[in-house]
Every structure is written in structure tokens, then in C-alpha cells.
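Visitor: File name my_file.txt; file contents compact mmCIF, C-alpha atoms; full text below.
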# COMPACT_ATOMS: atom_id res chain seq x y z
CA MET J 1 210.47 109.32 204.66
CA LEU J 2 213.14 110.26 207.15
CA ASP J 3 215.41 113.27 206.74
CA ILE J 4 218.83 112.04 205.56
CA ARG J 5 220.42 115.17 207.00
CA PHE J 6 219.14 114.30 210.48
CA ILE J 7 220.45 110.74 210.13
CA ARG J 8 223.83 112.02 208.93
CA GLU J 9 224.20 114.51 211.78
CA ASN J 10 222.69 112.28 214.48
CA GLU J 11 223.75 108.76 213.51
CA THR J 12 223.87 107.38 217.07
CA GLU J 13 220.40 108.73 217.91
CA ALA J 14 218.98 107.50 214.59
CA ARG J 15 220.29 104.01 215.29
CA ARG J 16 218.84 104.08 218.79
CA LEU J 17 215.40 105.12 217.57
CA LEU J 18 215.29 102.56 214.79
CA ASP J 19 216.56 99.88 217.17
CA MET J 20 213.39 100.51 219.22
CA ARG J 21 211.54 99.25 216.17
CA GLY J 22 214.00 96.44 215.49
CA GLN J 23 215.07 98.13 212.25
CA ALA J 24 218.52 99.62 212.98
CA LEU J 25 220.13 97.35 210.38
CA LEU J 26 218.32 99.28 207.64
CA LEU J 27 220.85 102.09 208.14
CA GLY J 28 223.61 99.78 206.94
CA GLY J 29 225.18 101.24 203.80
CA LEU J 30 222.88 104.28 203.86
CA LEU J 31 225.42 106.73 205.25
CA SER J 32 228.23 105.45 203.03
CA LEU J 33 225.97 106.06 200.02
CA ASP J 34 225.18 109.53 201.31
CA LYS J 35 228.90 110.24 201.81
CA ARG J 36 229.67 109.11 198.25
CA ARG J 37 226.78 111.22 196.94
CA ARG J 38 228.04 114.37 198.64
CA ALA J 39 231.61 113.71 197.45
CA LEU J 40 230.38 113.29 193.87
CA ILE J 41 228.39 116.53 194.03
CA GLU J 42 231.44 118.40 195.34
CA ALA J 43 233.74 116.89 192.70
CA THR J 44 231.29 117.46 189.86
CA ASP J 45 230.65 121.05 190.92
CA ALA J 46 234.41 121.67 190.92
CA GLN J 47 234.71 120.11 187.47
CA LYS J 48 231.86 122.22 186.13
CA ALA J 49 233.53 125.32 187.50
CA ARG J 50 236.80 124.31 185.82
CA ARG J 51 234.99 123.65 182.53
CA ASN J 52 233.46 127.14 182.67
CA GLU J 53 236.90 128.55 183.36
CA LEU J 54 238.34 126.62 180.40
CA SER J 55 235.59 127.97 178.17
CA ARG J 56 236.71 131.51 178.99
CA GLU J 57 240.40 130.60 178.48
CA ILE J 58 239.67 129.03 175.11
CA SER J 59 237.72 132.10 174.00
CA GLU J 60 240.47 134.49 175.09
CA ALA J 61 243.23 132.35 173.52
CA ALA J 62 241.31 132.15 170.26
CA LYS J 63 241.01 135.92 170.14
CA ARG J 64 244.78 136.20 170.57
CA GLY J 65 245.39 133.53 167.96
CA GLY J 66 246.97 131.30 170.60
CA GLU J 67 247.09 127.50 170.84
CA ILE J 68 243.83 126.04 172.14
CA SER J 69 244.04 122.32 171.35
CA ASP J 70 245.32 121.36 174.79
CA LEU J 71 242.63 123.46 176.44
CA LYS J 72 239.95 121.82 174.30
CA GLU J 73 241.27 118.36 175.14
CA GLU J 74 241.15 119.13 178.85
CA SER J 75 237.61 120.47 178.47
CA ARG J 76 236.59 117.29 176.64
CA ARG J 77 238.08 115.06 179.36
CA ILE J 78 236.33 117.08 182.06
CA GLY J 79 233.05 116.87 180.14
CA ASP J 80 233.34 113.09 179.93
CA SER J 81 234.08 112.93 183.64
CA ILE J 82 231.09 115.14 184.44
CA THR J 83 228.82 112.91 182.34
CA ALA J 84 230.07 109.81 184.15
CA GLY J 85 229.74 111.53 187.51
CA ASP J 86 226.18 112.65 186.81
CA ALA J 87 225.23 109.11 185.80
CA GLU J 88 226.77 107.67 188.98
CA LEU J 89 225.12 110.40 191.05
CA LYS J 90 221.70 109.61 189.60
CA ALA J 91 222.15 105.90 190.35
CA ILE J 92 223.24 106.65 193.92
CA GLU J 93 220.35 109.04 194.51
CA ASN J 94 217.87 106.44 193.23
CA ASP J 95 219.44 103.81 195.51
CA LEU J 96 219.42 106.23 198.43
CA GLU J 97 215.75 107.10 197.93
CA SER J 98 214.84 103.43 197.59
CA ARG J 99 216.58 102.66 200.90
CA LEU J 100 214.95 105.61 202.66
CA LEU J 101 211.50 104.49 201.46
CA GLN J 102 212.06 101.16 203.23
CA ILE J 103 212.91 102.69 206.62
CA PRO J 104 210.07 103.23 209.12
CA ASN J 105 209.48 106.42 211.04
CA PHE J 106 211.25 107.29 214.26
CA PRO J 107 209.09 106.73 217.37
CA HIS J 108 208.12 109.80 219.38
CA ALA J 109 209.71 110.26 222.81
CA SER J 110 206.41 109.38 224.52
CA VAL J 111 206.16 105.99 222.79
CA PRO J 112 207.00 103.10 225.15
CA PRO J 113 209.76 100.65 224.22
CA GLY J 114 208.82 97.11 223.29
CA ARG J 115 208.44 94.81 220.32
CA THR J 116 205.00 93.17 220.66
CA ALA J 117 201.43 93.93 221.71
CA GLU J 118 202.30 92.68 225.18
CA ASP J 119 204.35 95.86 225.64
CA ASN J 120 201.52 98.26 224.75
CA LEU J 121 200.05 100.50 227.45
CA VAL J 122 196.37 100.96 228.27
CA VAL J 123 195.98 104.71 228.84
CA ARG J 124 192.25 104.89 229.58
CA GLU J 125 189.06 102.87 229.61
CA TRP J 126 185.44 103.98 229.32
CA GLY J 127 182.28 102.29 230.54
CA ILE J 128 181.98 98.79 231.94
CA LYS J 129 182.05 95.43 230.24
CA PRO J 130 178.48 94.43 229.35
CA VAL J 131 177.22 91.59 231.50
CA LEU J 132 174.36 89.59 229.97
CA ASP J 133 172.17 87.34 232.12
CA PHE J 134 172.14 84.74 229.36
CA THR J 135 174.78 83.07 227.19
CA PRO J 136 175.56 85.61 224.44
CA LYS J 137 175.56 84.55 220.82
CA ASP J 138 178.41 85.65 218.60
CA HIS J 139 177.87 87.86 215.56
CA LEU J 140 177.90 84.88 213.20
CA ALA J 141 175.04 83.15 214.99
CA LEU J 142 173.09 86.41 215.29
CA GLY J 143 173.65 87.27 211.64
CA LYS J 144 172.43 83.86 210.50
CA GLU J 145 169.36 83.75 212.75
CA LEU J 146 168.37 87.33 211.94
CA ARG J 147 169.26 86.86 208.25
CA ILE J 148 171.23 90.10 208.07
CA PHE J 149 174.60 88.83 206.75
CA ASP J 150 175.46 86.30 204.07
CA PHE J 151 179.08 85.23 204.11
CA GLU J 152 178.45 82.13 201.99
CA ARG J 153 177.07 84.03 199.01
CA GLY J 154 179.83 86.61 199.33
CA THR J 155 182.33 83.79 199.06
CA LYS J 156 180.50 82.43 196.03
CA ILE J 157 180.51 85.80 194.30
CA THR J 158 184.11 86.76 195.04
CA GLY J 159 185.85 84.68 197.70
CA SER J 160 186.23 84.52 201.45
CA GLY J 161 186.43 87.85 203.24
CA PHE J 162 183.87 89.60 201.03
CA PRO J 163 180.61 89.68 203.04
CA VAL J 164 177.10 90.44 201.83
CA TYR J 165 174.93 92.63 204.08
CA HIS J 166 171.26 91.74 203.85
CA SER J 167 167.99 93.51 204.78
CA ALA J 168 168.33 95.09 208.24
CA GLY J 169 172.06 94.34 208.18
CA ALA J 170 172.53 96.42 205.05
CA VAL J 171 170.49 99.27 206.52
CA LEU J 172 172.38 99.12 209.81
CA GLU J 173 175.76 99.16 208.12
CA ARG J 174 174.82 102.10 205.89
CA SER J 175 173.35 103.90 208.87
CA LEU J 176 176.62 103.61 210.75
CA VAL J 177 178.53 105.23 207.88
CA ASN J 178 176.05 108.13 207.70
CA PHE J 179 176.13 108.51 211.47
CA PHE J 180 179.94 108.66 211.51
CA LEU J 181 180.07 111.31 208.77
CA ASP J 182 177.39 113.47 210.35
CA PHE J 183 179.02 113.13 213.76
CA HIS J 184 182.36 114.53 212.52
CA ARG J 185 180.85 117.17 210.27
CA GLU J 186 178.37 118.48 212.83
CA ARG J 187 181.08 118.91 215.43
CA GLY J 188 182.37 121.66 213.13
CA THR J 189 185.89 120.27 212.85
CA TYR J 190 186.00 118.21 209.69
CA THR J 191 185.21 118.96 206.07
CA GLU J 192 183.61 115.98 204.35
CA VAL J 193 185.17 114.87 201.08
CA THR J 194 184.39 112.14 198.56
CA VAL J 195 187.52 110.75 196.92
CA PRO J 196 188.42 108.10 194.31
CA PHE J 197 188.50 104.47 195.41
CA VAL J 198 191.52 103.71 193.19
CA VAL J 199 194.87 105.50 193.32
CA ASN J 200 198.12 105.61 191.42
CA ARG J 201 201.46 104.34 192.60
CA LYS J 202 202.76 107.77 193.57
CA SER J 203 199.86 108.24 196.01
CA LEU J 204 200.69 105.00 197.83
CA ILE J 205 204.37 105.93 197.99
CA GLY J 206 203.34 109.26 199.52
CA THR J 207 201.47 107.66 202.42
CA GLY J 208 203.95 104.82 202.94
CA GLN J 209 202.13 101.72 201.67
CA LEU J 210 204.58 101.41 198.78
CA PRO J 211 207.06 100.01 198.15
CA LYS J 212 207.07 97.91 201.32
CA PHE J 213 203.49 96.58 201.39
CA GLU J 214 202.61 96.01 197.75
CA GLU J 215 201.64 92.37 198.39
CA ASP J 216 198.81 93.56 200.64
CA LEU J 217 197.23 95.64 197.88
CA TYR J 218 194.86 94.83 195.02
CA LEU J 219 196.46 95.98 191.74
CA SER J 220 195.05 96.51 188.26
CA ASN J 221 198.11 95.71 186.15
CA THR J 222 196.57 97.17 183.00
CA ASP J 223 196.37 100.67 184.46
CA ASP J 224 198.90 100.33 187.30
CA LEU J 225 196.16 101.52 189.66
CA PHE J 226 195.44 100.15 193.12
CA LEU J 227 192.23 99.67 195.07
CA ILE J 228 192.66 101.76 198.19
CA PRO J 229 193.44 100.05 201.51
CA THR J 230 192.04 103.08 203.34
CA ALA J 231 190.74 106.57 202.58
CA GLU J 232 193.92 107.87 204.22
CA VAL J 233 195.67 107.41 200.87
CA PRO J 234 193.53 109.56 198.54
CA ILE J 235 192.68 112.13 201.23
CA THR J 236 196.31 112.70 202.26
CA ASN J 237 197.31 113.01 198.61
CA LEU J 238 194.79 115.79 198.05
CA HIS J 239 197.64 118.17 198.94
CA ARG J 240 200.57 116.28 197.44
CA ASP J 241 203.15 118.64 195.87
CA GLU J 242 201.37 121.67 197.32
CA LEU J 243 202.59 124.64 199.36
CA LEU J 244 199.89 125.61 201.86
CA ASN J 245 199.50 128.84 203.78
CA GLU J 246 199.99 128.66 207.54
CA SER J 247 196.62 130.36 208.01
CA GLU J 248 194.91 127.34 206.39
CA LEU J 249 196.16 124.94 209.06
CA PRO J 250 194.96 122.75 210.55
CA ILE J 251 193.11 121.26 207.60
CA CYS J 252 190.78 118.49 208.77
CA TYR J 253 188.96 116.11 206.45
CA CYS J 254 186.66 113.16 206.91
CA GLY J 255 185.55 110.85 204.16
CA TYR J 256 183.87 107.51 203.55
CA THR J 257 185.31 104.82 201.29
CA PRO J 258 185.27 101.08 201.01
CA CYS J 259 188.67 99.62 201.86
CA PHE J 260 190.35 96.69 200.13
CA ARG J 261 193.10 94.63 201.74
CA ARG J 262 194.53 91.32 200.66
CA GLU J 263 195.80 90.75 204.22
CA ALA J 264 198.69 88.70 202.88
CA GLY J 265 200.22 86.59 205.62
CA SER J 266 197.12 86.67 207.83
CA TYR J 267 196.35 83.00 207.37
CA GLY J 268 196.11 81.09 210.60
CA LYS J 269 194.82 84.12 212.49
CA ASP J 270 191.23 84.42 213.63
CA THR J 271 189.40 85.09 210.37
CA ARG J 272 185.84 84.26 211.40
CA GLY J 273 183.12 86.49 209.99
CA PHE J 274 183.83 90.18 210.34
CA LEU J 275 186.97 89.72 212.42
CA ARG J 276 189.10 89.80 209.27
CA VAL J 277 187.68 90.75 205.87
CA HIS J 278 189.16 91.88 202.56
CA GLN J 279 186.54 94.56 201.83
CA PHE J 280 184.95 96.81 204.43
CA ASP J 281 183.55 100.30 204.89
CA LYS J 282 185.27 102.99 206.89
CA VAL J 283 185.11 106.70 207.60
CA GLU J 284 188.59 108.19 207.86
CA MET J 285 189.81 111.34 209.60
CA VAL J 286 192.88 113.11 208.16
CA LYS J 287 194.61 116.24 209.46
CA PHE J 288 197.35 118.52 208.12
CA THR J 289 198.89 120.60 210.92
CA ARG J 290 201.79 122.75 211.93
CA PRO J 291 204.50 120.66 213.64
CA GLU J 292 203.99 122.40 216.99
CA ASP J 293 200.26 121.59 216.95
CA SER J 294 200.28 118.00 215.78
CA TYR J 295 200.32 116.20 219.12
CA ALA J 296 197.47 118.27 220.53
CA GLU J 297 195.54 117.52 217.32
CA HIS J 298 196.41 113.84 217.72
CA GLU J 299 194.75 113.79 221.13
CA LYS J 300 191.69 115.57 219.71
CA MET J 301 191.42 113.10 216.84
CA THR J 302 191.53 110.15 219.24
CA LYS J 303 188.78 111.73 221.34
CA ASP J 304 186.70 112.31 218.21
CA ALA J 305 186.83 108.57 217.53
CA THR J 306 186.05 107.55 221.11
CA ALA J 307 183.20 110.05 221.36
CA ILE J 308 181.36 108.02 218.73
CA LEU J 309 181.72 104.87 220.83
CA GLU J 310 180.44 106.71 223.89
CA SER J 311 177.38 107.88 221.98
CA LEU J 312 176.76 104.24 221.00
CA GLY J 313 177.24 103.10 224.58
CA LEU J 314 180.04 100.67 223.70
CA HIS J 315 182.72 99.80 226.24
CA TYR J 316 186.19 100.72 224.97
CA ARG J 317 189.78 101.31 225.93
CA VAL J 318 192.59 103.37 224.39
CA VAL J 319 195.97 101.68 224.00
CA LEU J 320 199.28 103.43 223.35
CA LEU J 321 201.30 101.21 221.02
CA CYS J 322 204.92 100.43 221.78
CA ALA J 323 207.63 101.23 219.25
CA GLY J 324 207.78 97.71 217.82
CA ASP J 325 204.00 97.34 217.37
CA MET J 326 203.31 100.62 215.55
CA GLY J 327 202.48 100.93 211.90
CA PHE J 328 205.34 101.59 209.47
CA GLY J 329 204.94 105.36 209.11
CA ALA J 330 203.62 106.34 212.54
CA ALA J 331 205.63 108.30 215.09
CA LYS J 332 202.93 107.66 217.71
CA CYS J 333 199.75 105.61 217.55
CA TYR J 334 196.73 104.94 219.73
CA ASP J 335 194.64 101.86 219.09
CA ILE J 336 191.02 102.03 220.21
CA GLU J 337 189.59 98.66 221.20
CA ILE J 338 186.02 97.64 222.02
CA TRP J 339 184.86 94.67 224.06
CA SER J 340 183.20 91.69 222.40
CA PRO J 341 180.84 89.94 224.86
CA ALA J 342 180.74 86.70 222.85
CA GLU J 343 184.38 86.58 221.83
CA GLN J 344 185.32 87.69 225.35
CA LYS J 345 188.19 89.81 224.09
CA TRP J 346 189.11 93.27 222.91
CA LEU J 347 188.80 94.04 219.20
CA GLU J 348 190.69 96.88 217.53
CA ILE J 349 188.21 99.32 216.02
CA SER J 350 190.44 102.30 215.21
CA SER J 351 194.05 103.41 214.97
CA CYS J 352 194.85 107.12 215.34
CA SER J 353 198.37 107.99 214.22
CA ASN J 354 200.65 111.01 214.07
CA PHE J 355 203.13 110.65 211.20
CA GLU J 356 204.88 113.95 211.90
CA ALA J 357 206.64 114.96 208.64
CA TYR J 358 207.18 111.37 207.45
CA GLN J 359 204.36 111.29 204.90
CA ALA J 360 204.67 114.98 204.06
CA ARG J 361 208.32 114.51 203.06
CA ARG J 362 207.39 111.58 200.80
CA ALA J 363 204.42 113.43 199.28
CA ASN J 364 206.06 116.90 199.30
CA ILE J 365 203.33 118.62 201.33
CA ARG J 366 204.60 121.89 202.79
CA TYR J 367 203.33 125.14 204.26
CA ARG J 368 204.82 128.62 204.33
CA ARG J 369 205.45 129.98 207.80
CA SER J 370 203.96 133.42 208.27
CA ASP J 371 206.81 134.65 210.51
CA THR J 372 209.78 133.62 208.35
CA GLY J 373 208.20 133.04 204.94
CA LYS J 374 210.12 129.77 204.71
CA PRO J 375 208.45 126.55 203.55
CA GLU J 376 208.35 123.61 205.99
CA PHE J 377 206.81 120.17 205.87
CA VAL J 378 203.41 119.84 207.53
CA HIS J 379 202.63 117.06 209.98
CA THR J 380 199.97 114.58 208.85
CA LEU J 381 197.64 112.57 211.07
CA ASN J 382 194.94 110.04 210.37
CA GLY J 383 192.54 107.80 212.23
CA SER J 384 189.54 105.57 211.69
CA GLY J 385 186.40 107.36 212.61
CA LEU J 386 185.23 104.54 212.40
CA ALA J 387 185.33 101.22 210.50
CA THR J 388 182.12 99.17 210.47
CA PRO J 389 182.95 95.41 210.58
CA ARG J 390 184.25 94.92 214.12
CA LEU J 391 181.99 97.66 215.38
CA LEU J 392 179.05 95.65 214.08
CA VAL J 393 180.40 92.59 215.89
CA CYS J 394 180.43 94.36 219.25
CA LEU J 395 177.24 96.33 218.64
CA LEU J 396 175.20 93.21 217.83
CA GLU J 397 176.69 91.22 220.70
CA THR J 398 176.29 94.05 223.22
CA TYR J 399 172.69 94.91 222.27
CA GLN J 400 171.37 91.38 221.81
CA ASN J 401 168.39 90.29 223.89
CA ASP J 402 167.64 86.91 225.44
CA ASP J 403 164.91 86.27 222.84
CA GLY J 404 167.43 86.50 219.98
CA THR J 405 166.50 90.01 218.88
CA VAL J 406 168.93 92.93 218.72
CA SER J 407 168.10 96.46 219.87
CA VAL J 408 169.36 99.46 217.94
CA PRO J 409 171.14 102.22 219.94
CA ASP J 410 169.04 105.37 220.24
CA VAL J 411 171.46 107.54 218.23
CA LEU J 412 171.07 105.25 215.21
CA LYS J 413 167.27 105.03 215.14
CA LYS J 414 166.83 108.17 213.06
CA TYR J 415 169.13 106.60 210.45
CA THR J 416 167.74 103.06 210.48
CA GLY J 417 164.07 103.92 210.93
CA PHE J 418 163.70 101.00 213.31
CA GLY J 419 164.71 100.14 216.86
CA LEU J 420 164.65 96.34 216.92
CA ILE J 421 165.93 93.62 214.60
CA THR J 422 164.08 90.32 214.72
CA SER J 423 164.16 87.09 212.74
CA SER J 424 160.94 88.12 211.03
CA GLY J 425 161.96 91.71 210.23
CA VAL J 426 162.28 95.00 212.06
CA ARG J 427 160.13 97.18 214.22
Rewrite the structure of this file - the entire thing - as C-alpha cells.
Guide:
Amino acid sequence: MLDIRFIRENETEARRLLDMRGQALLLGGLLSLDKRRRALIEATDAQKARRNELSREISEAAKRGGEISDLKEESRRIGDSITAGDAELKAIENDLESRLLQIPNFPHASVPPGRTAEDNLVVREWGIKPVLDFTPKDHLALGKELRIFDFERGTKITGSGFPVYHSAGAVLERSLVNFFLDFHRERGTYTEVTVPFVVNRKSLIGTGQLPKFEEDLYLSNTDDLFLIPTAEVPITNLHRDELLNESELPICYCGYTPCFRREAGSYGKDTRGFLRVHQFDKVEMVKFTRPEDSYAEHEKMTKDATAILESLGLHYRVVLLCAGDMGFGAAKCYDIEIWSPAEQKWLEISSCSNFEAYQARRANIRYRRSDTGKPEFVHTLNGSGLATPRLLVCLLETYQNDDGTVSVPDVLKKYTGFGLITSSGVR
């Protein structure tokens, strides 16, 4: 959530920043509501002061045996006015909060202008595109021939977008999750946590998925609980409504969860196989930092994600998203993309975002500064570290052999227990 005080005092700048995201119109009516709210507070405070003054006058007049009926009538009228004012103030504050929850974050000064992916900037690239001396098979063909995925039975059980991992495919997918967790934990930066896979409405408001993106979520109406779209939601809400000590920061977590996304509105896009699924596994990185440290920690988080890809030997690039292509709550975001030899295109494998105080203000996550003793909002960051579906696509396609087998990267062999996947098994 944005700071209404900043918007009020810097209206021109706020409009400019939101215009970068094509959302300047969302400020319409916001400042007039805020002006009415402040006027009501001032008027009501004055009325309450007058009512207190009348209470003293009535008491003193009563002691003297003086006339108090007019004073009581004035006090009654003021009381009625205060009640009406409080009711109007509550309605305005609810409307104001509802409007603020619909407004995206301001882009950071380093974020390039632009509205679409065409305006994003490639900031670095690692490795070289794999060149195979045979026609590469895509992950669907490899999965079928090696009998490691079963999309048809997943569709039968649940519906499209819910894959079944089979035999070596199941082991490989689980091995990737364990590898990701160990990688982050052993680097000494992240504390591993296991969190619930369902969350309440307040948690999703805190991280920005609600109210704007409810149609993309799976909801249990009976309990008003949601399947999580990402571990970002429960992990960030670990410290909701808490006041942290500055000495605790940065707090860095990593955690595995399945992720559930309806992907409403994605029809017509490329939905083949693992390119777009409704349930997938992911390890998430989440950080809580001091404001002055958050952008350095953002760079570190992005490198933590890319270091995994380097250890797997997968060609990748890091893309700085333009203002119009960023996620709703991000102030700055890097997408990490890996190359698919069969698809012959880049596939997004991770997004690493700095939300600044946007989520912290919604979730009321603060820390007490050691120098002033005053509470301030932390900055929150998160990034995929990593998700498995598209990584599996590129891993299988990159490490396929001309005889139809797939080699397992060396760093994964201690997790899988095998180094080669064949149509007849593993070895």
C-alpha cells in the first residue's frame, strides 16, 4: 500500500510515477476523499472539545443552581453531530483504504519506462546457448518416451494443468526441490521454514494478491481460506503486525511449497506441458531489510537464484522489467530467463522483486531503529529460488542425448542416485 501522506504532499510526482505503470487514473477521487477525511477529523475534534467544555459548564451551572437546559440541548446536538461525523469518517476511511489497496507500487528510479515486455532491458547473460548436433526433442516428447510425466492422467484426476510426475521424473523433481533448499541453507544466508499451504484473506491482502487478483486464486468458501499462489504469502506474513528489532535485520527465509494458480485469462497463450500449469513446486526466498539495505539485498537475492542455474550449467539471462511490465506490488523486479533448445525461446524461471515498504505497510511489519527508537516499516523482498516446471523443461532439453536418453547434471546425482534417464529406467 502506498503512503497517502506522500501522495498528498507530492501529487504531481505520484501521478508521474503511476503514469509509468498506466495507472494514474486510480488517483482520481483519492485526494478529495483524503481532504474530506481530514476536514471531518478536524471538525469532529473541535466538536468533541466543545462537548467537553459544555460538560464542565453544565456541572458548574448546576452547582450554582443556574439554568442548564440550553447547555444540555447544545451538548445533545453536538453529540448527534459527532455520531454522524464518526459514521461518515468510518465510511470514508473504508473507501480510502479500498482505493489504496487497488493502486500498484511506485516504480524505483532505476526502473526503465515502458508498458510491455518489449521495453524490458537485458542486464546480463551467462553461458552460451546449447547447440545440439541433432534435432532436439521438446520436453513433452522426452517425457512421453522416457515415461517420466503423465499429463493425461493428471487431467483425468483433476483437470488440465495438473501434471503427474512418474518414476525418474518424480525423483528428479523432488531432487531439484531438495537441491534448492540445501543450496540456500548451506550458503549460510537463509533460514529454512515450512509454512501452511493455505492462508486467510488478511495474509493475501498483506502481500498484495487481494483484493485485485482474487479470480486467480483457489478459494475454499466454507472456511474462507485460499490455496497459496506462492510461498511468498505465508512466509511474508510470518511477521505481520510485528515490531522487529533493527539488530534482527536482515531476516532471510527460504521455504518449499506447492503453488496453486488458476491463471484466469491465460487462455490462448502457450499452455503446452509445463509451460503453464495450475499446480507446481517452488522454493521461495523472502527477505525483511532496513530500507537503506534493500537494494543491495535485492542484487544478492538475484545472484542467489542465478547461482543455482550456473551450478546446473543452464544458460540464462537477467532482465530488468520496465514499469508497465512489473508485478502489482514491486518497486523493481528482475526476471531470470533460461533458454529452451527445443522451444527456441527464453522461459521465465524466476522473478526477484523489491517491494520496498509496500507490503510492510499493508501487513504492518515494522522495526525499531536503534538510533532514534522510532518504528519504521521494513522493506520486503522475494524471489523464486527456484520453481521446478520450466526448469525441468530446459534441463531435459539441454541435457538430452542423441539416443533419446537424458543425462543428470553432476550436482543433482547425489540427490537422484542416478546419472542417466532412459526409456527402460535409470542408471
Visitor: Separation of CA of Tyr295 in chain J and CA of Phe180 in chain J, in Å?
Guide: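 Between CA of Tyr295 in chain J and CA of Phe180 in chain J the gap is 23.0 Å.
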Visitor: Just to confirm, what's the straight-line distance from CA of Arg99 in chain J to CA of Gly85 in chain J in Å (one decimal)?
Guide: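 Going from CA of Arg99 in chain J over to CA of Gly85 in chain J covers 20.8 Å.
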Visitor: Which residues, written as a PyMOL selection string, have at least one atom at most 10 Å from range 31-48 of chain J, with all atoms listed in the file counted and residues fewer than 2 positions away on the same chain left out?
Guide: chain J and resi 4-5+7-8+11+27-29+50-54+75+78-79+81-86+88-93+95-96
Visitor: What separation in Å, quoted to one decimal, exists between CA of Gly383 in chain J and CA of Leu100 in chain J?
Guide: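 Interatomic distance, CA of Gly383 in chain J to CA of Leu100 in chain J: 24.5 Å.
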Visitor: Excluding Leu243 in chain J and residues on its chain fewer than 3 positions from it, collect all residues at most 10 Å away from it, counting only C-alpha atoms, and give them as a PyMOL selection string.
Guide: chain J and resi 239-240+246+364-368+375-378
Visitor: When you look at Ser160 in chain J with a cut-off of 9 Å (counting only C-alpha atoms), what residues show up, excluding the ones that are within fewer than 4 positions of it in the same chain? I need them as a ChimeraX atom specification.
Guide: /J:151-152,154-156,277-278
Visitor: J:Arg185, J:Asn237, J:Arg276, J:Arg124: which is nearest Leu204 in chain J, counting only C-alpha atoms?
Guide: J:Asn237
Visitor: Calculated over all atoms listed in the file, which of the candidates J:Leu309, J:Val131, J:Leu391, J:Ile251 has the smallest distance to Gln344 in chain J?
Guide: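 Closest residue, counting all atoms listed in the file: J:Val131.
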Visitor: Which of these, J:Pro409, J:Pro229, J:Gly417, J:Gly273, has the shortest distance to Ser311 in chain J once you count all atoms listed in the file?
Guide: J:Pro409
Visitor: Please identify all polymer residues lying at most 7 Å from the point (194.4, 90.9, 201.0) (file coordinates), using only C-alpha atoms, and present the result as a PyMOL selection string.
Guide: chain J and resi 216-217+261-264+278
Visitor: Select, from J:Arg317, J:His379, J:Lys300, J:His108, the residue with the minimum atom-to-atom distance to Arg362 in chain J, counting only C-alpha atoms.
Guide: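 For Arg362 in chain J, the nearest of the candidates is J:His379.
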Visitor: Find the residues around Ser340 in chain J up to 7 Å (only C-alpha atoms counted), leave out those fewer than 5 positions away in its own chain, and share them as a ChimeraX atom specification.
Guide: /J:345-347,394,397
Visitor: Could you please take those selected residues and save C-alpha atoms as a PDB file, in the frame of the given file?
Guide:
ATOM      1  CA  LYS J 345     188.190  89.810 224.090  1.00  0.00           C
ATOM      2  CA  TRP J 346     189.110  93.270 222.910  1.00  0.00           C
ATOM      3  CA  LEU J 347     188.800  94.040 219.200  1.00  0.00           C
ATOM      4  CA  CYS J 394     180.430  94.360 219.250  1.00  0.00           C
ATOM      5  CA  GLU J 397     176.690  91.220 220.700  1.00  0.00           C
TER       6      GLU J 397
END
Visitor: Using only C-alpha atoms, pick whichever of J:Pro107, J:Gly127, J:Pro112, J:Pro136 has the shortest atom-to-atom distance to Tyr316 in chain J.
Guide: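 Ranked by minimum distance to Tyr316 in chain J, first place goes to J:Gly127.
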Visitor: Using all atoms listed in the file, find the one residue out of J:Leu381, J:Ile103, J:Leu244, J:Leu312 that sits nearest to Lys332 in chain J.
Guide: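 Among the listed residues, J:Leu381 lies closest to Lys332 in chain J.
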Visitor: Contacts of Asp138 in chain J at 12 Å or less, counting only C-alpha atoms, minus same-chain residues fewer than 3 places along, as number ranges by chain?
Guide: J: 135, 141-145, 272-275, 340-345, 390, 392-400, 404, 406
